[in-house]
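input23.cif, holding mmCIF, C-alpha atoms:
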data_upload
#
loop_
_atom_site.group_PDB
_atom_site.id
_atom_site.type_symbol
_atom_site.label_atom_id
_atom_site.label_comp_id
_atom_site.auth_asym_id
_atom_site.auth_seq_id
_atom_site.Cartn_x
_atom_site.Cartn_y
_atom_site.Cartn_z
ATOM 1 C CA ASP A 1 -0.372 1.095 -17.938
ATOM 2 C CA SER A 2 0.340 4.488 -16.425
ATOM 3 C CA GLU A 3 -3.106 4.812 -14.851
ATOM 4 C CA ASN A 4 -2.605 1.554 -12.941
ATOM 5 C CA VAL A 5 0.856 2.691 -11.845
ATOM 6 C CA VAL A 6 -0.605 5.946 -10.501
ATOM 7 C CA GLU A 7 -3.350 4.032 -8.675
ATOM 8 C CA LEU A 8 -0.815 1.641 -7.147
ATOM 9 C CA PHE A 9 1.277 4.603 -5.978
ATOM 10 C CA GLU A 10 -1.787 6.235 -4.415
ATOM 11 C CA LEU A 11 -2.334 3.139 -2.300
ATOM 12 C CA ARG A 12 1.384 2.724 -1.670
ATOM 13 C CA GLU A 13 1.582 6.307 -0.437
ATOM 14 C CA ALA A 14 -1.279 5.822 2.018
ATOM 15 C CA LEU A 15 0.313 2.705 3.469
ATOM 16 C CA GLU A 16 4.002 3.622 3.419
ATOM 17 C CA VAL A 17 3.465 7.064 4.911
ATOM 18 C CA GLN A 18 1.700 5.383 7.835
ATOM 19 C CA VAL A 19 4.491 2.808 8.084
ATOM 20 C CA ALA A 20 7.074 5.613 8.285
ATOM 21 C CA ARG A 21 5.070 7.291 11.036
ATOM 22 C CA LEU A 22 4.873 4.131 13.098
ATOM 23 C CA VAL A 23 8.506 3.197 12.482
ATOM 24 C CA ALA A 24 9.587 6.626 13.766
ATOM 25 C CA ARG A 25 7.725 5.740 16.944
ATOM 26 C CA ARG A 26 8.746 2.065 17.292
ATOM 27 C CA HIS A 27 12.176 1.529 15.740
ATOM 28 C CA ASP A 28 15.358 0.119 17.228
ATOM 29 C CA PRO A 29 17.892 2.927 16.753
ATOM 30 C CA GLN A 30 20.802 0.518 16.212
ATOM 31 C CA VAL A 31 19.056 -1.090 13.259
ATOM 32 C CA PHE A 32 18.401 2.261 11.612
ATOM 33 C CA VAL A 33 21.878 3.628 12.295
ATOM 34 C CA GLY A 34 23.147 0.532 10.463
ATOM 35 C CA LEU A 35 20.624 1.021 7.667
ATOM 36 C CA ARG A 36 21.706 4.640 7.262
ATOM 37 C CA GLY A 37 25.275 3.426 6.842
ATOM 38 C CA GLU A 38 24.173 0.868 4.254
ATOM 39 C CA LEU A 39 22.269 3.523 2.310
ATOM 40 C CA SER A 40 25.237 5.903 2.361
ATOM 41 C CA ALA A 41 27.606 3.163 1.213
ATOM 42 C CA ALA A 42 25.182 2.153 -1.540
ATOM 43 C CA ARG A 43 24.992 5.766 -2.709
ATOM 44 C CA GLU A 44 28.778 5.935 -2.997
ATOM 45 C CA SER A 45 28.869 2.573 -4.743
ATOM 46 C CA CYS A 46 26.147 3.521 -7.232
ATOM 47 C CA ALA A 47 27.873 6.812 -7.997
ATOM 48 C CA SER A 48 31.062 5.032 -9.008
ATOM 49 C CA ALA A 49 29.613 1.890 -10.632
ATOM 50 C CA ALA A 50 29.860 1.569 -14.392
ATOM 51 C CA ASP A 51 26.302 0.188 -14.572
ATOM 52 C CA GLY A 52 24.918 2.789 -12.168
ATOM 53 C CA GLY A 53 24.745 0.297 -9.329
ATOM 54 C CA PHE A 54 21.584 -1.515 -10.390
ATOM 55 C CA ASP A 55 22.139 -4.574 -8.148
ATOM 56 C CA VAL A 56 23.483 -2.533 -5.238
ATOM 57 C CA PHE A 57 20.515 -0.178 -5.387
ATOM 58 C CA TYR A 58 17.849 -2.862 -5.394
ATOM 59 C CA ALA A 59 19.597 -4.875 -2.668
ATOM 60 C CA VAL A 60 19.675 -1.907 -0.288
ATOM 61 C CA VAL A 61 16.091 -0.949 -1.157
ATOM 62 C CA ASP A 62 15.009 -4.490 -0.266
ATOM 63 C CA ARG A 63 16.998 -4.253 2.972
ATOM 64 C CA SER A 64 15.327 -0.930 3.779
ATOM 65 C CA ASP A 65 11.870 -2.424 3.168
ATOM 66 C CA GLU A 66 12.735 -5.332 5.481
ATOM 67 C CA ALA A 67 13.929 -3.000 8.248
ATOM 68 C CA MET A 68 10.775 -0.899 7.955
ATOM 69 C CA ASP A 69 8.545 -3.988 7.949
ATOM 70 C CA ASP A 70 10.299 -5.422 11.013
ATOM 71 C CA ALA A 71 10.099 -2.120 12.891
ATOM 72 C CA VAL A 72 6.457 -1.424 12.122
ATOM 73 C CA ALA A 73 5.551 -4.875 13.482
ATOM 74 C CA ASN A 74 2.084 -4.756 11.948
ATOM 75 C CA PRO A 75 1.283 -7.832 9.854
ATOM 76 C CA PHE A 76 -1.774 -6.166 8.334
ATOM 77 C CA LEU A 77 0.195 -3.213 6.973
ATOM 78 C CA ILE A 78 2.969 -5.494 5.738
ATOM 79 C CA GLY A 79 0.412 -7.811 4.142
ATOM 80 C CA ALA A 80 -1.314 -4.913 2.407
ATOM 81 C CA LEU A 81 2.001 -3.628 1.013
ATOM 82 C CA ALA A 82 3.234 -6.997 -0.274
ATOM 83 C CA PRO A 83 1.100 -7.210 -3.445
ATOM 84 C CA ILE A 84 1.705 -3.528 -4.255
ATOM 85 C CA ARG A 85 5.454 -4.058 -4.031
ATOM 86 C CA ALA A 86 5.180 -7.172 -6.205
ATOM 87 C CA HIS A 87 3.278 -5.303 -8.932
ATOM 88 C CA LEU A 88 5.652 -2.346 -8.862
ATOM 89 C CA LEU A 89 8.762 -4.533 -8.846
ATOM 90 C CA ARG A 90 8.145 -5.463 -12.474
ATOM 91 C CA VAL A 91 7.505 -1.877 -13.504
ATOM 92 C CA ARG A 92 10.362 -0.165 -11.659
ATOM 93 C CA ARG A 93 13.014 -2.434 -13.173
ATOM 94 C CA VAL A 94 12.057 -1.410 -16.709
ATOM 95 C CA ASN A 95 14.536 1.093 -18.116
ATOM 96 C CA PRO A 96 16.220 1.861 -14.757
ATOM 97 C CA SER A 97 17.774 5.263 -14.195
ATOM 98 C CA PRO A 98 21.161 5.433 -12.429
ATOM 99 C CA SER A 99 20.639 9.138 -11.697
ATOM 100 C CA ARG A 100 17.336 8.270 -10.037
ATOM 101 C CA PHE A 101 19.155 5.661 -7.926
ATOM 102 C CA LEU A 102 21.311 8.394 -6.393
ATOM 103 C CA GLN A 103 18.355 10.682 -5.763
ATOM 104 C CA ALA A 104 16.257 7.853 -4.311
ATOM 105 C CA LEU A 105 19.062 6.826 -1.964
ATOM 106 C CA ALA A 106 19.367 10.422 -0.737
ATOM 107 C CA GLU A 107 15.597 10.440 -0.140
ATOM 108 C CA GLN A 108 15.839 7.138 1.739
ATOM 109 C CA ILE A 109 18.574 8.636 3.919
ATOM 110 C CA ASP A 110 16.267 11.575 4.697
ATOM 111 C CA ILE A 111 13.542 9.126 5.754
ATOM 112 C CA VAL A 112 15.948 7.209 7.988
ATOM 113 C CA ASP A 113 17.254 10.445 9.507
ATOM 114 C CA ALA A 114 13.696 11.473 10.394
ATOM 115 C CA ILE A 115 13.078 8.034 11.891
ATOM 116 C CA LEU A 116 16.257 8.265 13.963
ATOM 117 C CA GLU A 117 15.083 11.653 15.235
ATOM 118 C CA ARG A 118 11.737 10.037 16.111
ATOM 119 C CA ASP A 119 10.069 12.760 14.073
ATOM 120 C CA GLU A 120 6.888 11.112 12.856
ATOM 121 C CA VAL A 121 5.731 14.063 10.765
ATOM 122 C CA LEU A 122 9.077 14.492 9.018
ATOM 123 C CA ALA A 123 9.277 10.727 8.361
ATOM 124 C CA MET A 124 5.818 10.850 6.789
ATOM 125 C CA GLN A 125 6.669 13.908 4.688
ATOM 126 C CA ALA A 126 10.021 12.514 3.550
ATOM 127 C CA THR A 127 8.283 9.300 2.522
ATOM 128 C CA ALA A 128 5.635 11.211 0.563
ATOM 129 C CA VAL A 129 8.321 13.244 -1.218
ATOM 130 C CA HIS A 130 10.251 10.074 -2.044
ATOM 131 C CA LEU A 131 7.190 8.306 -3.429
ATOM 132 C CA ARG A 132 6.162 11.315 -5.531
ATOM 133 C CA ALA A 133 9.668 11.569 -7.007
ATOM 134 C CA SER A 134 9.686 7.819 -7.654
ATOM 135 C CA LEU A 135 6.343 7.978 -9.429
ATOM 136 C CA THR A 136 7.343 10.987 -11.517
ATOM 137 C CA SER A 137 10.583 9.276 -12.545
ATOM 138 C CA LEU A 138 8.860 5.995 -13.310
ATOM 139 C CA LEU A 139 6.202 7.655 -15.452
ATOM 140 C CA GLY A 140 8.889 9.618 -17.272
ATOM 141 C CA ARG A 141 10.746 6.391 -18.057
ATOM 142 C CA MET A 142 7.456 5.026 -19.396
ATOM 143 C CA GLY A 143 7.211 8.067 -21.672
ATOM 144 C CA VAL A 144 4.354 9.645 -19.726
ATOM 145 C CA THR A 145 4.864 13.128 -18.341
ATOM 146 C CA ASP A 146 1.427 14.238 -17.198
ATOM 147 C CA ALA A 147 -0.466 11.116 -16.064
ATOM 148 C CA TRP A 148 -0.157 12.014 -12.379
ATOM 149 C CA SER A 149 -1.767 15.429 -12.697
ATOM 150 C CA GLN A 150 -4.367 14.258 -15.214
ATOM 151 C CA HIS A 151 -5.343 11.319 -13.044
ATOM 152 C CA ARG A 152 -5.572 13.548 -9.975
ATOM 153 C CA THR A 153 -7.733 16.173 -11.632
ATOM 154 C CA GLY A 154 -9.715 13.908 -13.905
ATOM 155 C CA GLY A 155 -8.347 15.799 -16.949
#
For this file, write the structure as structure tokens.
Amino acid sequence: DSENVVELFELREALEVQVARLVARRHDPQVFVGLRGELSAARESCASAADGGFDVFYAVVDRSDEAMDDAVANPFLIGALAPIRAHLLRVRRVNPSPSRFLQALAEQIDIVDAILERDEVLAMQATAVHLRASLTSLLGRMGVTDAWSQHRTGG
């Protein structure tokens, strides 16, 4: 339900923001230059695909997660994220939004750009913005428009 999705995103945000911070510090620039190219190509492909690029989008998102996991080199963080990603995988593939794919890819590019600049704060902020937009979109596709604010305020 939407409350569980919000709770999963709260934990995901805590972990992935820290991952982005550490990746900005530890990454191999060549890997992330390549990833940026993959994200840009995926964005172009999704924009022109008749189906919105469903398979292309999820393939590059998986590749991005792998690159981040490899760069962070922290098995505890990766292990903590694994079950969250598994739970959200089922939810995010329900009623996918091609317009969200394009926005999410642009957000991913912003994260990678911050990482390439070794800007830990910007990488963290870009990740937080991306996760908030993802949650808002996901809740909207579930037919829920105010669960995030209600859950946050207890309303």
Using only C-alpha atoms, can you list as a ChimeraX atom specification the residues within 9 Å of (10.9, 2.8, 13.2)? /A:19-29,32,67-72,112,115-116,118
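This file, filtered with the PyMOL selection byres ((chain A and resi 11) around 12), gives the residues Asn4, Val5, Val6, Glu7, Leu8, Phe9, Glu10, Arg12, Glu13, Ala14, Leu15, Glu16, Val17, Gln18, Leu77, Ala80, Leu81, Ala82, Pro83, Ile84, Arg85, Leu88, Ala128 and Leu131 of chain A.
For the choices A:Leu139, A:Val129, A:Glu44, A:Gln108, the atom-to-atom distance to A:Pro96 is smallest for A:Leu139 when using all atoms listed in the file.
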Name the closest residue to A:Asp113 among the candidates A:Ser97, A:Thr145, A:Ser2, A:Ser40; distances are taken between atoms, counting all atoms listed in the file. A:Ser40
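Of the listed residues (A:Arg63, A:Arg132, A:His87, A:Arg43), A:Arg43 comes nearest to A:Ser99; the distances count all atoms listed in the file.
Shortest atom-to-atom contact with A:Thr136 among A:Ala104, A:Ala47, A:Leu122, A:Val31: A:Ala104, counting only C-alpha atoms.
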If we count all atoms listed in the file, what is near A:Phe101 at a cut-off of 8 Å, once residues fewer than 3 positions away on the same chain are taken out, given as a PyMOL selection string? chain A and resi 43+46+52-54+57+97-98+104-105
Determine the axis-aligned bounding box of all atoms of stretch 14-23 of chain A present in the file, pad each side by 8 Å, and express its centre and edge lengths in Å to one decimal place as AutoDock Vina command-line options.
--center_x 3.6 --center_y 5.0 --center_z 7.6 --size_x 25.8 --size_y 20.6 --size_z 27.1
In Å to one decimal, how far is atom CA of A:Val33 from atom CA of A:Ile111? 11.9 Å
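What separates atom CA of A:Ile78 from atom CA of A:Ala41 is a distance of 26.5 Å.
Relative to atom CA of A:Ser134, atom CA of A:Gln103 is found at 9.3 Å.
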